[in-house]
Amino acid sequence: MRKVALVGAGVTKFGVRKASYRDLIWEAGKACFDSIPAVKPGDLDGLVVGSVMPERTAFQSHISSLAAEALGIRPSTLSARTEHMCASGTVGIRYAYAFIAAGLADLVMVLGVEKLNQPTGDEAILNMGTGVDREWEAAFGLTTTEEQLALVGVKNHTHASRNPHAHFNKGATLDQVLCSRMISTPLRLFMCSPITDGAAAVVLASEERARALTDKPVWIRGTGQALDGFQLTSLHEDYAHWPALERAGASAYRMAGIGPGDVDLAEVHDCFAIAEMIACEELGFCKKGEAGPFVAAGRSDYGGDVVVNPRGGLIGCGHPLGATGVAQAAEVFAQLRGEAGARQVADAAIGLTHNNSGMGEHVVMLYGKDPA
């Protein structure tokens with residue numbers, strides 16, 4: 001199986017954008033090509049686009065072909081759209097990785113894009129409800145303190161203040177988070193990810209192409225994906241335990257030949273503050289039931305055990321569904337190349353990304369400066 005690396009990346013500004021769906025594709029694609037001038041649209045073998053609900057928000061399907069034409073790409077081996085709810089972008093990266101590793105392609109772009117604030121942000125809530133079993137569970141509304149939950153919001157809003165692409169750039173104090181509007185007890189507004197438009201793109205290459213294109217490739221070291229079930233009722237009785245994430249993480253660690261203690265930075269799926277805490281436990285950064293003290297002690301921040309969500313996570317950056325996983329990969333790309341500026345993690349060598357696709361399905365990617 002061939003080795004595969006990221007060689008280019010680009011991210012748009014996330015937020016409530018006046019840009020159209022096609023504009024976002026153009027912005028992310030151009031930013032990605034600008035990051036690696038040696039690669040032109042005609043050099044790409046394939047394109048994968050992660051996008052969840054363009055039929056409802058952009059009134060458009062056949063997305064990969066639309067994006068290919070918009071960017072001037074003429075795929076010869078791979079043209080596909082991935083729709084896997086919040087994990088769509090990361091699943092798209094796994095598709096591209098598998099194609100290149102199998103020798104079916106050498107250079108593939110993965111682009112994630114979502115225009116959620118159209119026609120209105122309120123409708124986006126209704127649309128995202130289609131990611132659960134609407135017939136059976138859409139009506140269902142779950143050992144940490146409120147302050148520990150709030151500290152996740154403080155950390156991620158603070159990280160986002162150093163990220164020009166983030167939806168929110170002002171940071172937040174503990175009092176601001178604790179005094180923000182209650183959404184669903186005990187989760188307050190600043191502990192939740194916002195409705196966001198945005199796009200991101202990365203280019204994956206085979207080892208031979210990667211070494212010819214850049215002297216700082218970022219290698220895919222491991223990957224894992226696991227599913228427990230679609231309905232909440234089919235999952236483990238303890239909603240604070242996500243066995244599928246534990247299995248996906250273990251698979252990725254095993255493939256990479258490393259463990260949780262080797263990870264320098266992790267982009268995890270903090271759709272809500274509690275989700276980041278559970279992810280830290282299931283990924284092995286702390287023991288089960290200890291995520292609250294782990295966060296409170298600063299062990300998930302700069303100077304701690306592992307820097308979790310240095311770009312600001314979903315809470316600070318926003319969550320344009322199909323774009324999130326690709327933006328996470330773009331962050332790891334910048335961090336491992338030492339190009340993350342004010343949010344640079346010192347001596348970063350191993351990065352992890354994680355997405356939920358509902359509570360029962362999880363996708364994990366591991367990246368490294370070293371391909372071994």
# chains A, B, ... in the order shown; residues from 1 in each chain; ligands from 1
>>> residues_around(residues="segment 367-370 of chain A", least_positions_apart="6", cutoff="9 Å", atoms="only C-alpha atoms", output="PyMOL selection string")
chain A and resi 5-6+216-222+256+329+332-333+336-337+348-353
>>> write_last_selection(atoms="C-alpha atoms", output="CSV table (one decimal), in the first residue's frame")
chain,number,residue,atom,x,y,z
A,5,ALA,CA,0.5,12.9,2.1
A,6,LEU,CA,-1.2,16.3,2.3
A,216,LYS,CA,7.2,19.6,3.9
A,217,PRO,CA,4.6,17.0,3.2
A,218,VAL,CA,2.2,16.0,6.0
A,219,TRP,CA,1.7,12.2,5.9
A,220,ILE,CA,-1.4,10.3,6.7
A,221,ARG,CA,-0.3,7.8,9.4
A,222,GLY,CA,-3.5,6.2,10.4
A,256,ALA,CA,0.1,4.6,12.9
A,329,ALA,CA,-7.1,18.6,8.2
A,332,VAL,CA,-3.1,20.0,11.1
A,333,PHE,CA,-1.3,20.6,7.7
A,336,LEU,CA,2.9,20.2,11.3
A,337,ARG,CA,4.6,22.5,8.8
A,348,ALA,CA,4.1,19.6,16.7
A,349,ALA,CA,4.9,16.3,15.0
A,350,ILE,CA,1.6,14.3,15.3
A,351,GLY,CA,-1.9,15.6,14.7
A,352,LEU,CA,-5.3,13.9,15.1
A,353,THR,CA,-8.7,14.8,13.6
>>> closest_atom_pairs(of="segment 41-156 of chain A", to="segment 309-326 of chain A", cutoff="10 Å", atoms="only C-alpha atoms", output="Markdown table")
| residue | atom | partner | partner_atom | distance |
| --- | --- | --- | --- | --- |
| A:Val49 | CA | A:Gly322 | CA | 8.1 |
| A:Gly50 | CA | A:Gly322 | CA | 4.8 |
| A:Ser51 | CA | A:Gly322 | CA | 4.3 |
| A:Val52 | CA | A:Gly322 | CA | 5.7 |
| A:Met53 | CA | A:Gly322 | CA | 8.7 |
| A:Pro54 | CA | A:Gly322 | CA | 9.9 |
| A:Thr82 | CA | A:Gly322 | CA | 8.4 |
| A:Glu83 | CA | A:Gly322 | CA | 7.7 |
| A:His84 | CA | A:Gly322 | CA | 8.2 |
| A:Met85 | CA | A:Leu321 | CA | 6.7 |
| A:Cys86 | CA | A:Leu321 | CA | 4.9 |
| A:Ala87 | CA | A:Gly325 | CA | 6.3 |
| A:Ser88 | CA | A:Gly322 | CA | 5.1 |
| A:Gly89 | CA | A:Gly325 | CA | 4.6 |
| A:Thr90 | CA | A:Gly325 | CA | 4.6 |
| A:Val91 | CA | A:Gly325 | CA | 8.2 |
| A:Gly92 | CA | A:Val326 | CA | 8.4 |
| A:Ile93 | CA | A:Val326 | CA | 7.5 |
| A:Val110 | CA | A:Val326 | CA | 7.4 |
| A:Leu111 | CA | A:Val326 | CA | 6.8 |
| A:Gly112 | CA | A:Ala323 | CA | 3.8 |
| A:Val113 | CA | A:Ala323 | CA | 4.7 |
| A:Glu114 | CA | A:Pro320 | CA | 5.1 |
| A:Lys115 | CA | A:Pro320 | CA | 7.0 |
| A:Leu116 | CA | A:Pro320 | CA | 6.7 |
| A:Asn117 | CA | A:Pro320 | CA | 9.5 |
| A:Met128 | CA | A:Leu321 | CA | 9.2 |
| A:Val152 | CA | A:Ile315 | CA | 8.9 |
| A:Gly153 | CA | A:Ile315 | CA | 6.8 |
| A:Val154 | CA | A:Gly316 | CA | 9.3 |
| A:Lys155 | CA | A:Gly312 | CA | 7.7 |
| A:Asn156 | CA | A:Gly312 | CA | 4.4 |
>>> closest_residue(among="A:Ala330, A:Ile183, A:Leu126, A:Val364", to="Val203 of chain A", atoms="only C-alpha atoms")
A:Ala330
>>> residues_around(residues="Gly224 of chain A", least_positions_apart="5", cutoff="8 Å", atoms="only C-alpha atoms", output="ChimeraX atom specification")
/A:247-252,363-365
>>> write_last_selection(atoms="all heavy atoms", output="short mmCIF file (atom, residue, chain, number, x, y, z; two decimals), in the first residue's frame")
data_model
loop_
_atom_site.label_atom_id
_atom_site.label_comp_id
_atom_site.auth_asym_id
_atom_site.auth_seq_id
_atom_site.Cartn_x
_atom_site.Cartn_y
_atom_site.Cartn_z
N ARG A 247 -13.15 2.60 19.42
CA ARG A 247 -12.67 1.62 18.43
C ARG A 247 -12.02 2.31 17.24
O ARG A 247 -10.99 1.85 16.73
CB ARG A 247 -13.83 0.74 17.95
CG ARG A 247 -14.44 -0.11 19.05
CD ARG A 247 -15.24 -1.29 18.50
NE ARG A 247 -16.15 -0.95 17.43
CZ ARG A 247 -17.39 -0.52 17.61
NH1 ARG A 247 -17.86 -0.34 18.84
NH2 ARG A 247 -18.18 -0.28 16.59
N ALA A 248 -12.61 3.40 16.76
CA ALA A 248 -12.04 4.13 15.63
C ALA A 248 -10.66 4.67 15.99
O ALA A 248 -9.71 4.61 15.20
CB ALA A 248 -12.96 5.25 15.19
N GLY A 249 -10.54 5.24 17.20
CA GLY A 249 -9.25 5.74 17.65
C GLY A 249 -8.22 4.64 17.77
O GLY A 249 -7.07 4.79 17.34
N ALA A 250 -8.62 3.51 18.36
CA ALA A 250 -7.69 2.38 18.51
C ALA A 250 -7.20 1.88 17.16
O ALA A 250 -6.02 1.55 16.98
CB ALA A 250 -8.37 1.25 19.28
N SER A 251 -8.09 1.84 16.17
CA SER A 251 -7.71 1.41 14.82
C SER A 251 -6.69 2.37 14.22
O SER A 251 -5.70 1.93 13.61
CB SER A 251 -8.96 1.34 13.95
OG SER A 251 -8.63 0.97 12.61
N ALA A 252 -6.93 3.68 14.38
CA ALA A 252 -6.00 4.67 13.83
C ALA A 252 -4.65 4.61 14.53
O ALA A 252 -3.60 4.67 13.88
CB ALA A 252 -6.61 6.07 13.95
N VAL A 363 -15.16 9.05 13.04
CA VAL A 363 -14.06 8.91 12.08
C VAL A 363 -12.84 9.62 12.66
O VAL A 363 -12.93 10.75 13.12
CB VAL A 363 -14.42 9.53 10.72
CG1 VAL A 363 -13.35 9.20 9.69
CG2 VAL A 363 -15.78 9.03 10.24
N VAL A 364 -11.70 8.95 12.61
CA VAL A 364 -10.46 9.48 13.16
C VAL A 364 -9.36 9.40 12.09
O VAL A 364 -9.25 8.40 11.38
CB VAL A 364 -10.02 8.69 14.42
CG1 VAL A 364 -8.65 9.18 14.92
CG2 VAL A 364 -11.07 8.82 15.53
N MET A 365 -8.57 10.47 11.99
CA MET A 365 -7.40 10.49 11.11
C MET A 365 -6.18 10.89 11.95
O MET A 365 -6.27 11.75 12.83
CB MET A 365 -7.57 11.49 9.97
CG MET A 365 -8.73 11.27 9.05
SD MET A 365 -8.59 9.84 7.98
CE MET A 365 -7.15 10.27 7.00
#
>>> atom_distance(atom1="atom CA of Ala160 of chain A", atom2="atom CA of Val308 of chain A")
12.0 Å
>>> select_by_dssp(residues="segment 249-356 of chain A", states="strand (DSSP E or B)", output="list of chain:residue names")
A:Leu265, A:Ala266, A:Glu267, A:Phe272, A:Val307, A:Val308, A:Ile350, A:Gly351, A:Leu352, A:Thr353, A:His354, A:Asn355, A:Asn356
>>> closest_residue(among="A:Ala67, A:Ile274, A:Val307, A:Leu265", to="Gly292 of chain A", atoms="only C-alpha atoms")
A:Ile274
>>> atom_distance(atom1="atom CA of His62 of chain A", atom2="atom CA of Gly46 of chain A")
15.2 Å
>>> decode(residues="segment 193-208 of chain A", atoms="N, CA, C and O atoms", output="tab-separated table (two decimals), in the first residue's frame")
chain	number	residue	atom	x	y	z
A	193	SER	N	-21.71	25.00	19.11
A	193	SER	CA	-21.22	25.49	17.81
A	193	SER	C	-22.33	26.23	17.08
A	193	SER	O	-23.50	25.87	17.18
A	194	PRO	N	-21.98	27.30	16.34
A	194	PRO	CA	-22.99	28.11	15.64
A	194	PRO	C	-23.31	27.59	14.24
A	194	PRO	O	-22.61	26.72	13.70
A	195	ILE	N	-24.38	28.13	13.66
A	195	ILE	CA	-24.75	27.84	12.27
A	195	ILE	C	-23.85	28.67	11.36
A	195	ILE	O	-23.86	29.90	11.42
A	196	THR	N	-23.09	28.02	10.52
A	196	THR	CA	-21.98	28.69	9.82
A	196	THR	C	-21.91	28.29	8.35
A	196	THR	O	-22.16	27.13	8.01
A	197	ASP	N	-21.53	29.24	7.50
A	197	ASP	CA	-21.19	28.97	6.10
A	197	ASP	C	-19.66	28.88	5.98
A	197	ASP	O	-18.94	29.56	6.71
A	198	GLY	N	-19.17	28.08	5.03
A	198	GLY	CA	-17.73	28.04	4.83
A	198	GLY	C	-17.31	26.87	3.96
A	198	GLY	O	-18.11	25.99	3.64
A	199	ALA	N	-16.04	26.89	3.60
A	199	ALA	CA	-15.49	25.82	2.76
A	199	ALA	C	-14.01	25.67	3.05
A	199	ALA	O	-13.35	26.57	3.56
A	200	ALA	N	-13.47	24.50	2.72
A	200	ALA	CA	-12.05	24.21	2.88
A	200	ALA	C	-11.65	23.17	1.87
A	200	ALA	O	-12.49	22.39	1.39
A	201	ALA	N	-10.37	23.14	1.53
A	201	ALA	CA	-9.87	22.18	0.54
A	201	ALA	C	-8.46	21.73	0.90
A	201	ALA	O	-7.68	22.51	1.46
A	202	VAL	N	-8.15	20.48	0.59
A	202	VAL	CA	-6.79	19.96	0.73
A	202	VAL	C	-6.48	19.14	-0.51
A	202	VAL	O	-7.38	18.64	-1.19
A	203	VAL	N	-5.19	19.01	-0.81
A	203	VAL	CA	-4.74	18.15	-1.90
A	203	VAL	C	-3.91	17.01	-1.32
A	203	VAL	O	-2.98	17.24	-0.54
A	204	LEU	N	-4.27	15.78	-1.70
A	204	LEU	CA	-3.56	14.59	-1.28
A	204	LEU	C	-2.73	14.07	-2.44
A	204	LEU	O	-3.18	14.12	-3.60
A	205	ALA	N	-1.55	13.53	-2.13
A	205	ALA	CA	-0.65	13.05	-3.19
A	205	ALA	C	0.01	11.74	-2.78
A	205	ALA	O	0.23	11.48	-1.59
A	206	SER	N	0.35	10.94	-3.78
A	206	SER	CA	1.15	9.75	-3.54
A	206	SER	C	2.55	10.17	-3.09
A	206	SER	O	2.95	11.34	-3.26
A	207	GLU	N	3.30	9.25	-2.51
A	207	GLU	CA	4.62	9.60	-1.98
A	207	GLU	C	5.52	10.21	-3.05
A	207	GLU	O	6.18	11.24	-2.80
A	208	GLU	N	5.55	9.61	-4.22
A	208	GLU	CA	6.42	10.13	-5.28
A	208	GLU	C	6.04	11.56	-5.66
A	208	GLU	O	6.91	12.44	-5.77
